[in-house]
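Q: Submitted below is the structure of interest, expressed as structure tokens.
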Amino acid sequence: MEQKSMTALVSAFARGYHSENNDTKIFDDFLAAKILTEQEKQQLSFNMEKGIKFFNPTFEGTNEEALRWIIDNYLSPTTLGRSAWAEKELCKAVNSKARQYLIIAAGYDTFAYRQLSWAKEISIFELDHPLMSEDKQKRIKKTFNETPDNLNFIHIDFTSDSLYEKLNLCSAYDKNKVSFCSLLGISYYLSKNDFVTLLQSISSSVETGSTIVFDYYDEYTNTDTAGERLKKQIMLANATKEEIFAGYSPKEINQLLFNCGFSVAENLTPEEITQQFFSEYNVANANHIITAFDNTNYCLAVKK
């Protein structure tokens, strides 16, 4: 039985497309396209081109122009922005005192295979469902013969397994070392209770001074005031059975993290995300502007 996440596939497709089709890049995941098969890339392209009227009813143009419009407006903003931000913050944390990188629900993340010299001294842990992890490793092995020495795999079913127990069963993991934890694309698909449980598990598993980063929808999710792009994103997620559950106000996020032993250090709004991560690209690509996704914030918090 295969365990493929359509969201993970589409995210990798968007990262790969951006890397291959732009000189000025928001985030250069030059390995993402290699993870997908040619058949998958062709099928995803075909489906998007044929679905352009759902995304933009007034669109007129070629299939390639339709594909680019959808990727720039619906796929790239979230996957590129949060990846660029997370790896920027990871670098800062490693230059400080972080010695472990936990990629929670790793999906088709390729950092371990793109790592620069500053990451060689840290331990990297990819945590994901065993079937998803095995699928990803099969794909990677088509490009790489060897697994990086500092990469560890932890198989976990987030619906039934204890993250605390799984980490402590891994001999390479050291609870006494400061960690950097990415939870990208996770909060959307968990109920508030399940998200709190995950944060509590992380808090009990990491050293004081450890960092977590995650993206989340604001309190207007699933309301009439949500942006048009978000409404369509929710429709698509629900159609693939990857239902979007929760949104949070900044005040609610602050309190939730405080209760779990974290202190918020950064909370970026869509406007701030666009300014920090998309400005250089937008100057160089005036005909293909990318703006941060509606109602989406990025949060960085530190274990107290």
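Every chain in the structure tokens has a letter given in the order shown (A, B, ...), and although residue numbers restart at 1 in each chain, ligands are simply numbered from 1 in the order shown.
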With stretch 177-197 of chain A as the partner and 8 Å as the cut-off, tabulate the residues of stretch 220-300 of chain A that qualify, each row holding the nearest pair of atoms and their distance in Å to one decimal, using only C-alpha atoms, sorted by chain and rising number, as CSV.
A:
```
residue,atom,partner,partner_atom,distance
A:Glu242,CA,A:Tyr189,CA,6.8
A:Glu243,CA,A:Tyr189,CA,6.0
A:Ile244,CA,A:Tyr189,CA,4.8
A:Phe245,CA,A:Tyr189,CA,5.6
A:Ala246,CA,A:Tyr188,CA,5.9
A:Gly247,CA,A:Tyr188,CA,7.4
A:Leu256,CA,A:Val196,CA,7.2
A:Cys260,CA,A:Val196,CA,7.5
```
Q: If you run DSSP on this backbone, which residues of stretch 242-304 of chain A come out as strand (DSSP E), and could you give them as a PyMOL selection string?
A: chain A and resi 262-268+296-303
Q: Any chance you could export the current selection's C-alpha atoms as a short mmCIF file (atom, residue, chain, number, x, y, z; two decimals), in the first residue's frame?
A:
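File written: part.cif
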```
data_model
loop_
_atom_site.label_atom_id
_atom_site.label_comp_id
_atom_site.auth_asym_id
_atom_site.auth_seq_id
_atom_site.Cartn_x
_atom_site.Cartn_y
_atom_site.Cartn_z
CA PHE A 262 6.86 28.45 24.39
CA SER A 263 7.30 32.18 23.94
CA VAL A 264 6.47 33.78 20.57
CA ALA A 265 9.47 35.56 19.05
CA GLU A 266 8.06 36.34 15.59
CA ASN A 267 4.64 36.36 13.98
CA LEU A 268 4.68 37.46 10.34
CA THR A 296 -1.65 33.01 6.41
CA ASN A 297 0.87 33.87 9.13
CA TYR A 298 4.28 32.47 10.08
CA CYS A 299 5.13 31.94 13.74
CA LEU A 300 8.48 31.37 15.46
CA ALA A 301 8.52 30.45 19.14
CA VAL A 302 11.19 29.47 21.66
CA LYS A 303 11.00 26.87 24.45
#
```
Q: Each residue of stretch 54-160 of chain A with at least one atom at most 7 Å from stretch 37-50 of chain A should appear once, together with its nearest atom pair and the corresponding distance in Å (one decimal); atoms considered: only C-alpha atoms; ordering: chain, then increasing residue number; output as a tab-separated table.
A:
```
residue	atom	partner	partner_atom	distance
A:Asn63	CA	A:Glu49	CA	5.4
A:Ala66	CA	A:Glu49	CA	5.5
A:Leu67	CA	A:Glu49	CA	5.2
```
Q: With only C-alpha atoms as the counted atoms, please give the residues lying no more than 10 Å from A:Ala112, apart from itself and same-chain residues fewer than 5 positions off, as a PyMOL selection string.
A: chain A and resi 101+103+119-120+123-126+147-152
Q: For the selection you just gave me, I'd like the residues written to a file as a PDB file, in the first residue's frame, keeping N, CA and C atoms.
A:
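Final output, saved to part.pdb:
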```
ATOM      1  N   TYR A 101      17.986  19.261  14.044  1.00  0.00           N
ATOM      2  CA  TYR A 101      16.914  19.798  13.211  1.00  0.00           C
ATOM      3  C   TYR A 101      15.848  18.728  13.066  1.00  0.00           C
ATOM      4  N   ILE A 103      12.421  17.782  11.389  1.00  0.00           N
ATOM      5  CA  ILE A 103      11.480  18.116  10.323  1.00  0.00           C
ATOM      6  C   ILE A 103      10.248  17.246  10.541  1.00  0.00           C
ATOM      7  N   ALA A 119      25.424  23.166   7.967  1.00  0.00           N
ATOM      8  CA  ALA A 119      24.515  22.154   8.510  1.00  0.00           C
ATOM      9  C   ALA A 119      25.198  20.812   8.755  1.00  0.00           C
ATOM     10  N   LYS A 120      26.424  20.664   8.335  1.00  0.00           N
ATOM     11  CA  LYS A 120      27.084  19.358   8.417  1.00  0.00           C
ATOM     12  C   LYS A 120      27.288  18.896   9.859  1.00  0.00           C
ATOM     13  N   SER A 123      22.538  17.237  13.634  1.00  0.00           N
ATOM     14  CA  SER A 123      21.807  16.005  13.330  1.00  0.00           C
ATOM     15  C   SER A 123      20.438  16.376  12.776  1.00  0.00           C
ATOM     16  N   ILE A 124      20.054  15.733  11.682  1.00  0.00           N
ATOM     17  CA  ILE A 124      18.773  16.016  11.033  1.00  0.00           C
ATOM     18  C   ILE A 124      17.854  14.812  11.224  1.00  0.00           C
ATOM     19  N   PHE A 125      16.617  15.084  11.631  1.00  0.00           N
ATOM     20  CA  PHE A 125      15.647  14.024  11.855  1.00  0.00           C
ATOM     21  C   PHE A 125      14.402  14.292  11.010  1.00  0.00           C
ATOM     22  N   GLU A 126      14.075  13.361  10.134  1.00  0.00           N
ATOM     23  CA  GLU A 126      12.832  13.455   9.375  1.00  0.00           C
ATOM     24  C   GLU A 126      11.797  12.561  10.043  1.00  0.00           C
ATOM     25  N   THR A 147      22.712   7.960   1.819  1.00  0.00           N
ATOM     26  CA  THR A 147      22.007   8.853   2.733  1.00  0.00           C
ATOM     27  C   THR A 147      23.025   9.690   3.491  1.00  0.00           C
ATOM     28  N   PRO A 148      22.822  10.996   3.631  1.00  0.00           N
ATOM     29  CA  PRO A 148      23.764  11.826   4.391  1.00  0.00           C
ATOM     30  C   PRO A 148      24.011  11.256   5.783  1.00  0.00           C
ATOM     31  N   ASP A 149      25.251  11.338   6.241  1.00  0.00           N
ATOM     32  CA  ASP A 149      25.630  10.750   7.525  1.00  0.00           C
ATOM     33  C   ASP A 149      24.854  11.324   8.700  1.00  0.00           C
ATOM     34  N   ASN A 150      24.416  12.571   8.578  1.00  0.00           N
ATOM     35  CA  ASN A 150      23.743  13.216   9.714  1.00  0.00           C
ATOM     36  C   ASN A 150      22.220  13.163   9.629  1.00  0.00           C
ATOM     37  N   LEU A 151      21.705  12.330   8.719  1.00  0.00           N
ATOM     38  CA  LEU A 151      20.249  12.232   8.544  1.00  0.00           C
ATOM     39  C   LEU A 151      19.714  10.970   9.212  1.00  0.00           C
ATOM     40  N   ASN A 152      18.621  11.147   9.970  1.00  0.00           N
ATOM     41  CA  ASN A 152      17.963  10.047  10.665  1.00  0.00           C
ATOM     42  C   ASN A 152      16.477  10.050  10.323  1.00  0.00           C
TER      43      ASN A 152
END
```
Q: Check the DSSP output for the backbone and give back, as an NGL selection string, the residues of stretch 112-234 of chain A in helix (DSSP H, G or I).
A: :A and (112-114 or 117-119 or 130-141 or 163-169 or 187-189 or 192-205 or 228-234)
Q: I need the residues from that last selection saved to file as a short mmCIF file (atom, residue, chain, number, x, y, z; two decimals), in the first residue's frame (with C-alpha atoms), if you can.
A:
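Generated output (result-v5.cif):
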```cif
data_model
loop_
_atom_site.label_atom_id
_atom_site.label_comp_id
_atom_site.auth_asym_id
_atom_site.auth_seq_id
_atom_site.Cartn_x
_atom_site.Cartn_y
_atom_site.Cartn_z
CA ALA A 112 19.13 17.00 4.06
CA TYR A 113 20.27 16.51 0.46
CA ARG A 114 20.83 20.22 -0.21
CA SER A 117 28.51 23.42 5.09
CA TRP A 118 26.96 25.08 8.15
CA ALA A 119 24.52 22.15 8.51
CA PRO A 130 6.36 5.08 7.67
CA LEU A 131 4.68 4.62 4.28
CA MET A 132 5.20 8.27 3.36
CA SER A 133 8.82 8.10 4.51
CA GLU A 134 9.49 4.94 2.52
CA ASP A 135 7.95 6.45 -0.61
CA LYS A 136 10.11 9.56 -0.25
CA GLN A 137 13.30 7.52 0.28
CA LYS A 138 12.60 5.43 -2.84
CA ARG A 139 12.31 8.62 -4.85
CA ILE A 140 15.49 10.12 -3.37
CA LYS A 141 17.53 6.97 -4.06
CA LEU A 163 6.26 11.88 19.45
CA TYR A 164 7.99 11.98 22.84
CA GLU A 165 8.39 8.21 22.91
CA LYS A 166 9.48 7.99 19.27
CA LEU A 167 12.21 10.59 19.77
CA ASN A 168 13.50 8.95 22.93
CA LEU A 169 13.67 5.57 21.18
CA SER A 187 -1.57 23.24 11.63
CA TYR A 188 -4.15 23.49 8.84
CA TYR A 189 -5.02 19.81 8.93
CA LYS A 192 -7.09 22.69 17.71
CA ASN A 193 -6.94 19.96 20.35
CA ASP A 194 -4.66 17.81 18.20
CA PHE A 195 -2.41 20.77 17.39
CA VAL A 196 -2.07 21.59 21.10
CA THR A 197 -1.26 17.94 21.83
CA LEU A 198 1.50 18.03 19.19
CA LEU A 199 2.97 21.23 20.63
CA GLN A 200 2.89 19.79 24.14
CA SER A 201 4.71 16.67 22.93
CA ILE A 202 7.38 18.78 21.27
CA SER A 203 7.74 20.96 24.35
CA SER A 204 8.31 17.91 26.57
CA SER A 205 10.84 16.50 24.09
CA GLU A 228 -10.78 34.36 -2.37
CA ARG A 229 -7.61 32.31 -2.75
CA LEU A 230 -8.06 30.76 0.68
CA LYS A 231 -11.68 29.83 -0.04
CA LYS A 232 -10.63 27.98 -3.18
CA GLN A 233 -7.71 26.39 -1.37
CA ILE A 234 -10.08 25.01 1.24
#
```
Q: Would you give me, as a tab-separated table, each residue of stretch 33-83 of chain A having an atom within 9 Å of an atom of stretch 272-291 of chain A, along with its shortest atom pair and that distance in Å to one decimal, using only C-alpha atoms and sorting by chain and residue number?
A:
```
residue	atom	partner	partner_atom	distance
A:Arg68	CA	A:His288	CA	8.3
A:Trp69	CA	A:His288	CA	7.7
A:Asp72	CA	A:Ile290	CA	5.7
A:Asn73	CA	A:Ile290	CA	6.3
A:Ser76	CA	A:Ile290	CA	7.6
A:Pro77	CA	A:Thr291	CA	6.2
A:Leu80	CA	A:Phe277	CA	8.9
A:Gly81	CA	A:Phe277	CA	6.4
A:Arg82	CA	A:Ile273	CA	8.8
```
Q: The selected residues should be written to file as a PDB file, in the first residue's frame (atoms: C-alpha atoms).
A:
```pdb
ATOM      1  CA  ARG A  68       2.314  29.468 -14.565  1.00  0.00           C
ATOM      2  CA  TRP A  69      -0.584  31.643 -13.406  1.00  0.00           C
ATOM      3  CA  ASP A  72       2.401  31.795  -9.080  1.00  0.00           C
ATOM      4  CA  ASN A  73      -0.931  32.642  -7.504  1.00  0.00           C
ATOM      5  CA  SER A  76       4.152  29.039  -4.874  1.00  0.00           C
ATOM      6  CA  PRO A  77       3.183  31.651  -2.268  1.00  0.00           C
ATOM      7  CA  LEU A  80       8.160  28.900  -1.256  1.00  0.00           C
ATOM      8  CA  GLY A  81       7.628  31.541   1.404  1.00  0.00           C
ATOM      9  CA  ARG A  82       7.516  29.228   4.400  1.00  0.00           C
TER      10      ARG A  82
END
```
